[in-house]
Amino acid sequence: MISITSAEVGMKINEWHRHIQKFNVTDAEMLKAEIERDIEVMEEDQDLLIYYQLMAFRHKIMLEYTLPSDENRMELSEYLKKIEGYKKKLDNMRAYYYNFFRGMYEFRNGKYTKAITYYKKAERKIPAISDKIEKAEFYFKLSEVYYHMKMTHISMHYAELSYNIYKKHELYLIRRIQCHFVIAGNYDDLENHEKALPHLQEALQGAELLKSKNTHIYATAFFNLGNCYHKMDSLNKAARYIEQALIQYRKINSDVLPQAYHDLALIYFKQGKKELALDCFHKGIRSAAAFKDELFMNLFEALDVLYLRNGDTPKLLNIFSRLENGKGYPYLEEMALLGGNLFDYNGKIEDSIICFKKMVYAQKQISKGECMYEI
């Protein structure tokens with residue numbers, strides 16, 4: 001049997017890593033299979049095996065981004081268990097990768113505070129990373145999690161650092177598009193929608209080039225534009241863009257379907273287009289059930305209470321209580337604001353005040369996420 005050195009395999013893992021960074025799924029899959037065959041005949045090297053486990057975990061996260069499925073999500077936890085036992089042996093670079101990948105895992109599970117904790121540990125090891133693209137990837141991940149935590153200015157800082165690296169490298173169009181998404185999302189949170197729109201329009205132009213290869217990012221470009229116009233109360237434009245997003249999401253049976261149906265139903269309800277709203281509402285409920293998406297099952301139930309049952313306050317408060325978690329607080333904030341405005345419009349002042357108080361409570365809980373200093 002022909003033996004192969006761990007150094008040779010290490011070089012192949014580095015190449016595998018480059019394919020993962022570029023989302024070259026086919027090449028990454030082929031090289032992964034080749035590396036696994038090499039490891040079977042490779043000289044014993046525990047450090048190399050650690051590096052392989054870390055890259056296999058990174059590979060799984062890439063697949064979850066490009067080919068979302070329950071199977072991929074379940075396998076991620078198994079890779080984490082394998083990596084966990086080797087953690088004490090990691091040097092600076094591997095310690096960086098461990099914490100970086102662990103942060104990515106926690107983020108995908110909606111545990112944003114935990115994700116930031118691991119990312120901050122990884123950030124201490126950044127000087128050990130010489131690859132500018134890897135730094136850009138790290139900055140993007142930080143911008144993403146801080147965006148979800150509503151830490152707008154911190155998110156914007158890291159998004160800018162990431163984008164300034166990626167824009168110098170022609171091959172990283174997907175990440176440039178995603179940086180535009182994050183920057184625009186932060187401008188939306190700052191109520192500066194006019195500054196968000198150019199980023200979203202540039203993202204859509206880039207996504208047009210990828211529509212045959214990456215339907216998900218093409219759909220998301222439409223969806224994000226629709227959300228921006230929704231926040232601007234340009235409901236007709238918002239509906240048109242989200243309708244386009246739904247066409248694309250349906251092609252790939254995306255797990256974003258419940259959210260897209262929910263947002264379009266809400267727009268139609270606001271416009272008084274009850275028949276269209278109900279169509280999206282029922283399709284969205286079926287979609288959320290199919291994906292076992294408890295968050296959007298709760299949000300559809302809230303739409304039901306607010307628009308179809310004339311505001312059952314005790315039931316609405318019960319739904320709000322189910323949103324009281326790290327992933328749910330931003331949605332609780334938005335839904336409580338919606339409820340407060342609807343109750344105020346209908347003259348239910350006491351119910352309106354209850355909702356606005358709940359909105360303020362959600363904002364405070366989101367702000368608490370900023371208190372993660374280690375002294």
# chains A, B, ... in the order shown; residues from 1 in each chain; ligands from 1

call {"tool": "select_by_dssp", "arguments": {"residues": "segment 124-359 of chain A", "states": "alpha helix (DSSP H)", "output": "VMD selection string"}}
result
chain A and resid 132 to 148 152 to 166 173 to 189 193 to 208 215 to 231 235 to 251 257 to 271 274 to 290 294 to 303 313 to 322 329 to 345 349 to 359

call {"tool": "residues_around", "arguments": {"residues": "His216 of chain A", "least_positions_apart": "3", "cutoff": "8 Å", "atoms": "only C-alpha atoms", "output": "PyMOL selection string"}}
result
chain A and resi 66+219-220+248-249+252+254

call {"tool": "closest_residue", "arguments": {"among": "A:Tyr158, A:Glu350, A:Phe57, A:Leu299", "to": "Tyr331 of chain A", "atoms": "only C-alpha atoms"}}
result
A:Leu299

call {"tool": "residues_around", "arguments": {"residues": "Tyr97 of chain A", "least_positions_apart": "6", "cutoff": "9 Å", "atoms": "only C-alpha atoms", "output": "compact mmCIF listing (two decimals) with C-alpha atoms, in the first residue's frame"}}
result
# COMPACT_ATOMS: atom_id res chain seq x y z
CA TYR A 51 -7.09 20.09 11.02
CA LEU A 54 -12.05 21.39 11.59
CA MET A 55 -12.20 21.66 7.81
CA ALA A 122 -11.07 33.65 17.89

call {"tool": "closest_residue", "arguments": {"among": "A:Arg250, A:Ile133, A:Arg18, A:Val145", "to": "Lys167 of chain A", "atoms": "only C-alpha atoms"}}
result
A:Ile133

call {"tool": "residues_around", "arguments": {"residues": "Gly110 of chain A", "least_positions_apart": "5", "cutoff": "9 Å", "atoms": "only C-alpha atoms", "output": "PDB file with N, CA, C and O atoms, in the first residue's frame"}}
result
ATOM      1  N   TYR A 105     -21.254  27.656  14.385  1.00  0.00           N
ATOM      2  CA  TYR A 105     -22.244  26.642  14.762  1.00  0.00           C
ATOM      3  C   TYR A 105     -23.299  27.230  15.686  1.00  0.00           C
ATOM      4  O   TYR A 105     -24.508  27.021  15.490  1.00  0.00           O
ATOM      5  N   ALA A 115     -22.365  32.650  20.263  1.00  0.00           N
ATOM      6  CA  ALA A 115     -21.568  32.788  19.030  1.00  0.00           C
ATOM      7  C   ALA A 115     -20.554  33.909  19.188  1.00  0.00           C
ATOM      8  O   ALA A 115     -19.374  33.751  18.843  1.00  0.00           O
ATOM      9  N   GLY A 326     -33.354  34.499  22.684  1.00  0.00           N
ATOM     10  CA  GLY A 326     -32.371  35.252  21.913  1.00  0.00           C
ATOM     11  C   GLY A 326     -32.755  35.457  20.458  1.00  0.00           C
ATOM     12  O   GLY A 326     -32.595  36.536  19.906  1.00  0.00           O
ATOM     13  N   LYS A 327     -33.278  34.420  19.836  1.00  0.00           N
ATOM     14  CA  LYS A 327     -33.644  34.513  18.430  1.00  0.00           C
ATOM     15  C   LYS A 327     -34.976  35.227  18.234  1.00  0.00           C
ATOM     16  O   LYS A 327     -35.223  35.842  17.189  1.00  0.00           O
TER      17      LYS A 327
END

call {"tool": "residues_around", "arguments": {"residues": "Ile39 of chain A", "least_positions_apart": "4", "cutoff": "12 Å", "atoms": "only C-alpha atoms", "output": "list in words"}}
result
Ile2, Ser3, Ile4, Thr5, Ser6, Ala7, Glu8, Val9, Gly10, Lys12, Ile13, Lys32, Ala33, Glu34, Ile35, Glu43, Glu44, Asp45, Gln46, Leu48, Leu49, Ile50, Tyr51, Tyr52 and Gln53 of chain A

call {"tool": "write_last_selection", "arguments": {"atoms": "C-alpha atoms", "output": "mmCIF file, in the first residue's frame"}}
result
data_model
loop_
_atom_site.group_PDB
_atom_site.id
_atom_site.type_symbol
_atom_site.label_atom_id
_atom_site.label_comp_id
_atom_site.auth_asym_id
_atom_site.auth_seq_id
_atom_site.Cartn_x
_atom_site.Cartn_y
_atom_site.Cartn_z
ATOM 1 C CA ILE A 2 1.382 3.422 -1.008
ATOM 2 C CA SER A 3 1.903 5.771 1.949
ATOM 3 C CA ILE A 4 1.501 9.548 1.824
ATOM 4 C CA THR A 5 2.953 12.172 4.148
ATOM 5 C CA SER A 6 0.786 14.328 6.376
ATOM 6 C CA ALA A 7 2.421 17.409 4.808
ATOM 7 C CA GLU A 8 1.064 16.434 1.396
ATOM 8 C CA VAL A 9 -2.372 15.873 2.856
ATOM 9 C CA GLY A 10 -2.091 19.195 4.682
ATOM 10 C CA LYS A 12 -4.588 19.316 -0.051
ATOM 11 C CA ILE A 13 -6.612 20.469 2.976
ATOM 12 C CA LYS A 32 -12.776 16.037 0.469
ATOM 13 C CA ALA A 33 -13.274 12.488 -0.834
ATOM 14 C CA GLU A 34 -9.665 12.400 -2.109
ATOM 15 C CA ILE A 35 -8.319 13.617 1.261
ATOM 16 C CA GLU A 43 1.448 8.367 8.271
ATOM 17 C CA GLU A 44 0.002 8.954 11.734
ATOM 18 C CA ASP A 45 -0.349 12.660 12.571
ATOM 19 C CA GLN A 46 -2.874 13.742 15.243
ATOM 20 C CA LEU A 48 -3.367 16.800 10.777
ATOM 21 C CA LEU A 49 -6.438 14.829 11.844
ATOM 22 C CA ILE A 50 -7.532 17.781 14.003
ATOM 23 C CA TYR A 51 -7.094 20.086 11.021
ATOM 24 C CA TYR A 52 -9.143 17.686 8.900
ATOM 25 C CA GLN A 53 -11.968 17.596 11.470
#

call {"tool": "closest_residue", "arguments": {"among": "A:Ala221, A:Met149, A:Ala28, A:Met93", "to": "Tyr112 of chain A", "atoms": "only C-alpha atoms"}}
result
A:Met149

call {"tool": "closest_residue", "arguments": {"among": "A:Tyr268, A:Tyr163, A:Tyr172, A:Phe300", "to": "His282 of chain A", "atoms": "only C-alpha atoms"}}
result
A:Phe300
